[in-house]
Amino acid sequence: MLLIGSKAFDMGRKPSDIDYIAMPYHIESFKRFYGDKIVVTQPSHFGTTVFMIGSDPIEFDTSETGQELLAMCHADWEAKRFELVRPEINQVSGALYLTASPALLLALKLTHRYLKNSPHFLKTMSDIHRLRGLGHEVPHILKDWSKARIAATYNYKHPVLDQSKTSFFKDDGVGYIYDHDTIHEAVKTFDVPAFNLIKLDAAEVYCSKEKFMAQSREVQLATVLEESLVLALERSQIPTNFEFDRYQSFVMALGKVCTSIASGWWRAFSWENYHEVLSMYDDTYVDRFKKALAEGIIKPYVAEAA
């Protein structure tokens with residue numbers, strides 16, 4: 001087996017579970033050995049989680065990409081390269097297991113940093129920054145494996161920006177009341193919404209990386225800030241009649257901007273600059289929206305005709 005997660009390397013926090021990449025027969029052996037202590041087992045995204053008396057939850061990854069990684073780690077151990085595993089082998093209850101290297105842990109963390117609605121979003125981000133800060137890099141040998149792992153992790157559709165605004169917002173589960181772009185007018189940082197400065201000519205949603213890179217860092221960060229403020233209004237403030245905590249609305253919206261509202265280079269920029277954007281939070285955004293609504297700047301949402 002291969003020990004991964006925060007039990008394999010000190011992430012500066014107390015681990016909440018134990019993670020292994022394993023073969024299916026490892027789970028059966030584990031059940032036989034600890035059968036009287038196991039409370040319940042349940043399926044997880046990549047395998048099985050075991051809850052037992054006197055232990056943190058134990059998650060076994062038995063997925064196809066997990067098996068591929070396990071084979072690579074065995075080869076790494078046998079060749080004594082120690083790119084993927086640490087140069088020692090451990091033994092627990094008669095079972096031998098390898099321990100993932102920090103570089104491998106970084107690769108694993110990066111494959112799910114954009115996972116939608118993950119309760120571990122900030123924990124994953126913290127771990128990635130910690131591993132990077134210690135100088136670890138993803139081994140080149142994992143390049144193709146990482147792509148396969150990402151495809152297996154994000155098993156849902158990503159947003160497509162090259163379409164009309166109404167099509168983009170259609171069927172996303174949000175009951176829109178006001179026009180998205182006019183809400184941007186209410187929370188803009190500069191004379192015009194920052195997103196307007198990076199859109200392709202005549203595009204309603206799609207933006208240009210070249211235009212984005214040509215802007216100042218202040219404008220670049222403002223594109224993330226303003227989108228998060230608009231989402232906070234649309235998805236929690238307006239639906240709850242402004243009774244939900246303003247800051248928590250913003251934090252949840254920023255998390256979505258960094259994971260599931262978009263994909264590609266802009267999402268990556270948002271994720272990498274999460275903390276800086278968080279520090280730019282302005283608690284008056286709800287008041288600015290209400291003022292713009294009273295002044296007629298905010299327009300009603302108009303759905304695209306069927």
# chains A, B, ... in the order shown; residues from 1 in each chain; ligands from 1
call {"tool": "closest_atom_pairs", "arguments": {"of": "stretch 185-216 of chain A", "to": "stretch 275-284 of chain A", "cutoff": "12 Å", "atoms": "only C-alpha atoms", "output": "CSV"}}
result
residue,atom,partner,partner_atom,distance
A:Ala186,CA,A:Thr284,CA,10.7
A:Val187,CA,A:Thr284,CA,9.1
A:Lys188,CA,A:Asp282,CA,11.4
A:Thr189,CA,A:Asp282,CA,10.4
call {"tool": "write_last_selection", "arguments": {"atoms": "N, CA and C atoms", "output": "PDB file, in the first residue's frame"}}
result
ATOM      1  N   ALA A 186     -22.935  47.884 -10.069  1.00  0.00           N
ATOM      2  CA  ALA A 186     -23.115  48.329  -8.685  1.00  0.00           C
ATOM      3  C   ALA A 186     -21.878  48.107  -7.825  1.00  0.00           C
ATOM      4  N   VAL A 187     -21.072  47.093  -8.148  1.00  0.00           N
ATOM      5  CA  VAL A 187     -19.932  46.750  -7.279  1.00  0.00           C
ATOM      6  C   VAL A 187     -18.582  47.034  -7.944  1.00  0.00           C
ATOM      7  N   LYS A 188     -18.586  47.729  -9.057  1.00  0.00           N
ATOM      8  CA  LYS A 188     -17.347  47.963  -9.798  1.00  0.00           C
ATOM      9  C   LYS A 188     -16.337  48.755  -8.972  1.00  0.00           C
ATOM     10  N   THR A 189     -15.073  48.450  -9.205  1.00  0.00           N
ATOM     11  CA  THR A 189     -13.961  49.099  -8.506  1.00  0.00           C
ATOM     12  C   THR A 189     -13.537  50.372  -9.216  1.00  0.00           C
TER      13      THR A 189
END
call {"tool": "closest_atom_pairs", "arguments": {"of": "stretch 121-226 of chain A", "to": "stretch 98-102 of chain A", "cutoff": "12 Å", "atoms": "only C-alpha atoms", "output": "tab-separated table"}}
result
residue	atom	partner	partner_atom	distance
A:Asp127	CA	A:Pro102	CA	10.4
A:Ile128	CA	A:Pro102	CA	10.1
A:Arg130	CA	A:Pro102	CA	10.2
A:Leu131	CA	A:Pro102	CA	6.8
A:Arg132	CA	A:Pro102	CA	9.5
A:Gly133	CA	A:Pro102	CA	11.5
A:Leu134	CA	A:Pro102	CA	9.3
A:Gly135	CA	A:Pro102	CA	9.7
A:His136	CA	A:Pro102	CA	6.7
A:Glu137	CA	A:Pro102	CA	8.6
A:Val138	CA	A:Pro102	CA	9.0
A:Pro139	CA	A:Ser101	CA	10.3
call {"tool": "residues_around", "arguments": {"residues": "stretch 257-260 of chain A", "least_positions_apart": "3", "cutoff": "8 Å", "atoms": "only C-alpha atoms", "output": "PDB file with N, CA and C atoms, in the first residue's frame"}}
result
ATOM      1  N   ARG A 113      -7.476  20.486  -6.562  1.00  0.00           N
ATOM      2  CA  ARG A 113      -7.587  21.814  -5.939  1.00  0.00           C
ATOM      3  C   ARG A 113      -8.813  22.581  -6.408  1.00  0.00           C
ATOM      4  N   TYR A 114      -9.346  22.249  -7.605  1.00  0.00           N
ATOM      5  CA  TYR A 114     -10.517  22.946  -8.126  1.00  0.00           C
ATOM      6  C   TYR A 114     -11.810  22.158  -7.915  1.00  0.00           C
ATOM      7  N   LEU A 115     -11.798  21.147  -7.064  1.00  0.00           N
ATOM      8  CA  LEU A 115     -12.972  20.302  -6.895  1.00  0.00           C
ATOM      9  C   LEU A 115     -14.174  21.114  -6.412  1.00  0.00           C
ATOM     10  N   LYS A 116     -15.263  20.971  -7.110  1.00  0.00           N
ATOM     11  CA  LYS A 116     -16.478  21.740  -6.826  1.00  0.00           C
ATOM     12  C   LYS A 116     -17.076  21.368  -5.474  1.00  0.00           C
ATOM     13  N   HIS A 158     -17.633  21.287 -17.131  1.00  0.00           N
ATOM     14  CA  HIS A 158     -17.099  22.596 -16.769  1.00  0.00           C
ATOM     15  C   HIS A 158     -17.846  23.688 -17.532  1.00  0.00           C
ATOM     16  N   PRO A 159     -17.912  24.906 -16.985  1.00  0.00           N
ATOM     17  CA  PRO A 159     -18.604  25.996 -17.678  1.00  0.00           C
ATOM     18  C   PRO A 159     -17.965  26.309 -19.027  1.00  0.00           C
ATOM     19  N   VAL A 224     -11.639  39.296 -10.301  1.00  0.00           N
ATOM     20  CA  VAL A 224     -11.998  38.216  -9.368  1.00  0.00           C
ATOM     21  C   VAL A 224     -12.863  38.760  -8.238  1.00  0.00           C
ATOM     22  N   GLU A 227     -16.482  39.679  -9.548  1.00  0.00           N
ATOM     23  CA  GLU A 227     -17.286  38.491  -9.840  1.00  0.00           C
ATOM     24  C   GLU A 227     -17.730  37.810  -8.552  1.00  0.00           C
ATOM     25  N   SER A 228     -16.863  37.783  -7.562  1.00  0.00           N
ATOM     26  CA  SER A 228     -17.214  37.179  -6.275  1.00  0.00           C
ATOM     27  C   SER A 228     -18.308  37.975  -5.571  1.00  0.00           C
ATOM     28  N   ALA A 253     -18.735  32.665  -2.229  1.00  0.00           N
ATOM     29  CA  ALA A 253     -18.712  33.026  -3.644  1.00  0.00           C
ATOM     30  C   ALA A 253     -17.288  33.006  -4.193  1.00  0.00           C
ATOM     31  N   LEU A 254     -16.334  33.510  -3.430  1.00  0.00           N
ATOM     32  CA  LEU A 254     -14.938  33.491  -3.873  1.00  0.00           C
ATOM     33  C   LEU A 254     -14.457  32.055  -4.046  1.00  0.00           C
ATOM     34  N   SER A 263     -13.286  27.873 -15.772  1.00  0.00           N
ATOM     35  CA  SER A 263     -12.172  26.934 -15.839  1.00  0.00           C
ATOM     36  C   SER A 263     -11.028  27.611 -16.583  1.00  0.00           C
ATOM     37  N   ARG A 267      -9.511  30.932 -13.825  1.00  0.00           N
ATOM     38  CA  ARG A 267      -9.740  30.216 -12.578  1.00  0.00           C
ATOM     39  C   ARG A 267      -8.415  29.989 -11.851  1.00  0.00           C
ATOM     40  N   ALA A 268      -7.371  29.619 -12.592  1.00  0.00           N
ATOM     41  CA  ALA A 268      -6.060  29.399 -11.977  1.00  0.00           C
ATOM     42  C   ALA A 268      -5.551  30.684 -11.322  1.00  0.00           C
ATOM     43  N   SER A 270      -7.400  33.132 -10.198  1.00  0.00           N
ATOM     44  CA  SER A 270      -8.253  33.375  -9.023  1.00  0.00           C
ATOM     45  C   SER A 270      -7.791  32.527  -7.848  1.00  0.00           C
ATOM     46  N   TRP A 271      -7.535  31.256  -8.114  1.00  0.00           N
ATOM     47  CA  TRP A 271      -7.102  30.332  -7.058  1.00  0.00           C
ATOM     48  C   TRP A 271      -5.773  30.776  -6.462  1.00  0.00           C
ATOM     49  N   TYR A 274      -6.209  33.863  -4.136  1.00  0.00           N
ATOM     50  CA  TYR A 274      -7.363  33.795  -3.239  1.00  0.00           C
ATOM     51  C   TYR A 274      -7.199  34.722  -2.030  1.00  0.00           C
TER      52      TYR A 274
END
call {"tool": "atom_distance", "arguments": {"atom1": "atom CA of A:Val174", "atom2": "atom CA of A:Asp245"}}
result
18.8 Å
call {"tool": "select_by_dssp", "arguments": {"residues": "stretch 35-232 of chain A", "states": "helix (DSSP H, G or I)", "output": "mmCIF file with C-alpha atoms, in the first residue's frame"}}
result
data_model
loop_
_atom_site.group_PDB
_atom_site.id
_atom_site.type_symbol
_atom_site.label_atom_id
_atom_site.label_comp_id
_atom_site.auth_asym_id
_atom_site.auth_seq_id
_atom_site.Cartn_x
_atom_site.Cartn_y
_atom_site.Cartn_z
ATOM 1 C CA GLU A 64 -7.730 2.910 -11.742
ATOM 2 C CA THR A 65 -5.503 5.976 -11.435
ATOM 3 C CA GLY A 66 -4.637 4.876 -7.915
ATOM 4 C CA GLN A 67 -3.509 1.472 -9.189
ATOM 5 C CA GLU A 68 -1.396 3.150 -11.868
ATOM 6 C CA LEU A 69 0.247 5.360 -9.265
ATOM 7 C CA LEU A 70 0.865 2.427 -6.949
ATOM 8 C CA ALA A 71 2.692 0.582 -9.747
ATOM 9 C CA MET A 72 4.796 3.679 -10.454
ATOM 10 C CA CYS A 73 5.671 3.989 -6.774
ATOM 11 C CA HIS A 74 6.751 0.346 -6.569
ATOM 12 C CA ALA A 75 8.978 0.903 -9.608
ATOM 13 C CA ASP A 76 10.358 4.065 -8.019
ATOM 14 C CA TRP A 77 11.156 2.105 -4.838
ATOM 15 C CA GLU A 78 12.762 -0.806 -6.669
ATOM 16 C CA PRO A 102 6.315 15.413 -0.478
ATOM 17 C CA ALA A 103 6.628 15.910 -4.253
ATOM 18 C CA LEU A 104 4.072 13.164 -4.884
ATOM 19 C CA LEU A 105 1.753 14.624 -2.245
ATOM 20 C CA LEU A 106 1.945 17.980 -4.037
ATOM 21 C CA ALA A 107 0.989 16.303 -7.309
ATOM 22 C CA LEU A 108 -1.976 14.604 -5.652
ATOM 23 C CA LYS A 109 -3.162 17.839 -4.018
ATOM 24 C CA LEU A 110 -2.959 19.748 -7.297
ATOM 25 C CA PHE A 121 -10.961 23.530 -0.332
ATOM 26 C CA LEU A 122 -8.967 25.683 2.099
ATOM 27 C CA LYS A 123 -7.144 22.725 3.629
ATOM 28 C CA THR A 124 -6.000 21.614 0.183
ATOM 29 C CA MET A 125 -4.898 25.149 -0.664
ATOM 30 C CA SER A 126 -2.934 25.432 2.580
ATOM 31 C CA ASP A 127 -1.193 22.116 1.961
ATOM 32 C CA ILE A 128 -0.227 23.094 -1.577
ATOM 33 C CA HIS A 129 1.246 26.401 -0.436
ATOM 34 C CA ARG A 130 3.129 24.634 2.368
ATOM 35 C CA LEU A 131 4.658 22.035 0.034
ATOM 36 C CA ARG A 132 5.553 24.639 -2.578
ATOM 37 C CA GLY A 133 7.059 26.867 0.103
ATOM 38 C CA HIS A 140 8.038 15.179 -14.449
ATOM 39 C CA ILE A 141 7.257 11.466 -14.484
ATOM 40 C CA LEU A 142 3.760 12.260 -13.174
ATOM 41 C CA LYS A 143 2.797 14.628 -16.011
ATOM 42 C CA ASP A 144 0.586 12.170 -17.919
ATOM 43 C CA TRP A 145 -0.704 10.513 -14.751
ATOM 44 C CA SER A 146 -1.796 13.897 -13.376
ATOM 45 C CA LYS A 147 -3.890 14.558 -16.486
ATOM 46 C CA ALA A 148 -5.648 11.206 -16.093
ATOM 47 C CA ARG A 149 -6.225 11.817 -12.377
ATOM 48 C CA ILE A 150 -7.696 15.254 -13.056
ATOM 49 C CA ALA A 151 -10.077 13.790 -15.646
ATOM 50 C CA ALA A 152 -11.188 11.158 -13.113
ATOM 51 C CA THR A 153 -11.585 13.753 -10.347
ATOM 52 C CA LYS A 165 -24.935 35.403 -21.273
ATOM 53 C CA THR A 166 -28.422 33.968 -20.922
ATOM 54 C CA SER A 167 -27.272 30.536 -22.122
ATOM 55 C CA PHE A 168 -24.360 30.617 -19.687
ATOM 56 C CA PHE A 169 -26.644 31.216 -16.689
ATOM 57 C CA HIS A 180 -25.895 39.905 -13.934
ATOM 58 C CA ASP A 181 -24.012 42.639 -15.812
ATOM 59 C CA THR A 182 -25.903 45.481 -14.162
ATOM 60 C CA ILE A 183 -25.043 44.063 -10.741
ATOM 61 C CA HIS A 184 -21.416 44.373 -11.854
ATOM 62 C CA GLU A 185 -22.111 48.080 -12.350
ATOM 63 C CA ALA A 186 -23.115 48.329 -8.685
ATOM 64 C CA VAL A 187 -19.932 46.750 -7.279
ATOM 65 C CA ALA A 194 -13.211 45.205 -14.551
ATOM 66 C CA PHE A 195 -14.601 42.310 -16.571
ATOM 67 C CA ASN A 196 -15.545 44.716 -19.375
ATOM 68 C CA LEU A 197 -11.854 45.503 -19.821
ATOM 69 C CA LYS A 209 -6.209 36.200 -21.827
ATOM 70 C CA GLU A 210 -4.217 38.686 -23.907
ATOM 71 C CA LYS A 211 -6.410 41.578 -22.742
ATOM 72 C CA PHE A 212 -6.210 40.302 -19.176
ATOM 73 C CA MET A 213 -2.417 40.151 -19.217
ATOM 74 C CA ALA A 214 -2.277 43.686 -20.626
ATOM 75 C CA ARG A 217 -2.536 43.819 -11.432
ATOM 76 C CA GLU A 218 -5.191 45.959 -9.743
ATOM 77 C CA VAL A 219 -7.568 45.375 -12.646
ATOM 78 C CA GLN A 220 -6.720 41.668 -12.792
ATOM 79 C CA LEU A 221 -7.523 41.222 -9.111
ATOM 80 C CA ALA A 222 -10.654 43.340 -9.490
ATOM 81 C CA THR A 223 -12.045 40.901 -12.067
ATOM 82 C CA VAL A 224 -11.998 38.216 -9.368
ATOM 83 C CA LEU A 225 -13.210 40.506 -6.598
ATOM 84 C CA GLU A 226 -16.151 41.882 -8.561
ATOM 85 C CA GLU A 227 -17.286 38.491 -9.840
ATOM 86 C CA SER A 228 -17.214 37.179 -6.275
ATOM 87 C CA LEU A 229 -19.259 40.135 -5.019
ATOM 88 C CA VAL A 230 -21.857 39.649 -7.756
ATOM 89 C CA LEU A 231 -22.123 35.949 -6.976
ATOM 90 C CA ALA A 232 -22.451 36.697 -3.271
#
call {"tool": "residues_around", "arguments": {"residues": "stretch 19-34 of chain A", "least_positions_apart": "2", "cutoff": "8 Å", "atoms": "only C-alpha atoms", "output": "number ranges by chain"}}
result
A: 1-5, 7, 17, 36-38, 58-62, 66-67, 70
call {"tool": "write_last_selection", "arguments": {"atoms": "N, CA and C atoms", "output": "PDB file, in the first residue's frame"}}
result
ATOM      1  N   MET A   1       0.844  -1.194   0.000  1.00  0.00           N
ATOM      2  CA  MET A   1       0.000   0.000   0.000  1.00  0.00           C
ATOM      3  C   MET A   1       0.880   1.246   0.000  1.00  0.00           C
ATOM      4  N   LEU A   2       0.259   2.388  -0.262  1.00  0.00           N
ATOM      5  CA  LEU A   2       0.969   3.662  -0.267  1.00  0.00           C
ATOM      6  C   LEU A   2       0.270   4.631   0.675  1.00  0.00           C
ATOM      7  N   LEU A   3       0.977   5.088   1.676  1.00  0.00           N
ATOM      8  CA  LEU A   3       0.428   6.075   2.607  1.00  0.00           C
ATOM      9  C   LEU A   3       0.539   7.455   1.985  1.00  0.00           C
ATOM     10  N   ILE A   4      -0.585   8.178   1.919  1.00  0.00           N
ATOM     11  CA  ILE A   4      -0.599   9.534   1.378  1.00  0.00           C
ATOM     12  C   ILE A   4      -1.246  10.457   2.403  1.00  0.00           C
ATOM     13  N   GLY A   5      -1.518  11.705   2.015  1.00  0.00           N
ATOM     14  CA  GLY A   5      -2.190  12.636   2.905  1.00  0.00           C
ATOM     15  C   GLY A   5      -1.301  13.155   4.018  1.00  0.00           C
ATOM     16  N   LYS A   7      -0.825  12.190   6.977  1.00  0.00           N
ATOM     17  CA  LYS A   7      -0.108  11.209   7.789  1.00  0.00           C
ATOM     18  C   LYS A   7       1.255  10.879   7.172  1.00  0.00           C
ATOM     19  N   ASP A  17      -7.820  12.163   9.130  1.00  0.00           N
ATOM     20  CA  ASP A  17      -8.064  10.819   8.628  1.00  0.00           C
ATOM     21  C   ASP A  17      -6.745  10.211   8.166  1.00  0.00           C
ATOM     22  N   ASP A  36     -13.552  -6.841  14.188  1.00  0.00           N
ATOM     23  CA  ASP A  36     -14.320  -6.566  15.398  1.00  0.00           C
ATOM     24  C   ASP A  36     -14.302  -5.099  15.802  1.00  0.00           C
ATOM     25  N   LYS A  37     -13.427  -4.305  15.164  1.00  0.00           N
ATOM     26  CA  LYS A  37     -13.339  -2.878  15.497  1.00  0.00           C
ATOM     27  C   LYS A  37     -14.000  -1.977  14.457  1.00  0.00           C
ATOM     28  N   ILE A  38     -14.334  -2.549  13.326  1.00  0.00           N
ATOM     29  CA  ILE A  38     -14.929  -1.757  12.243  1.00  0.00           C
ATOM     30  C   ILE A  38     -16.403  -1.482  12.540  1.00  0.00           C
ATOM     31  N   ILE A  58     -10.338   5.802   7.850  1.00  0.00           N
ATOM     32  CA  ILE A  58      -9.291   5.333   6.954  1.00  0.00           C
ATOM     33  C   ILE A  58      -9.872   5.223   5.550  1.00  0.00           C
ATOM     34  N   GLU A  59      -9.273   5.945   4.610  1.00  0.00           N
ATOM     35  CA  GLU A  59      -9.766   5.923   3.237  1.00  0.00           C
ATOM     36  C   GLU A  59      -8.794   5.159   2.350  1.00  0.00           C
ATOM     37  N   PHE A  60      -9.337   4.189   1.626  1.00  0.00           N
ATOM     38  CA  PHE A  60      -8.551   3.379   0.706  1.00  0.00           C
ATOM     39  C   PHE A  60      -8.913   3.781  -0.726  1.00  0.00           C
ATOM     40  N   ASP A  61      -7.934   4.263  -1.459  1.00  0.00           N
ATOM     41  CA  ASP A  61      -8.117   4.616  -2.872  1.00  0.00           C
ATOM     42  C   ASP A  61      -7.759   3.390  -3.704  1.00  0.00           C
ATOM     43  N   THR A  62      -8.766   2.778  -4.318  1.00  0.00           N
ATOM     44  CA  THR A  62      -8.534   1.606  -5.157  1.00  0.00           C
ATOM     45  C   THR A  62      -8.904   1.885  -6.611  1.00  0.00           C
ATOM     46  N   GLY A  66      -5.355   5.259  -9.125  1.00  0.00           N
ATOM     47  CA  GLY A  66      -4.637   4.876  -7.915  1.00  0.00           C
ATOM     48  C   GLY A  66      -3.754   3.671  -8.156  1.00  0.00           C
ATOM     49  N   GLN A  67      -4.285   2.668  -8.879  1.00  0.00           N
ATOM     50  CA  GLN A  67      -3.509   1.472  -9.189  1.00  0.00           C
ATOM     51  C   GLN A  67      -2.297   1.821 -10.057  1.00  0.00           C
ATOM     52  N   LEU A  70       0.251   3.420  -7.833  1.00  0.00           N
ATOM     53  CA  LEU A  70       0.865   2.427  -6.949  1.00  0.00           C
ATOM     54  C   LEU A  70       1.953   1.654  -7.689  1.00  0.00           C
TER      55      LEU A  70
END
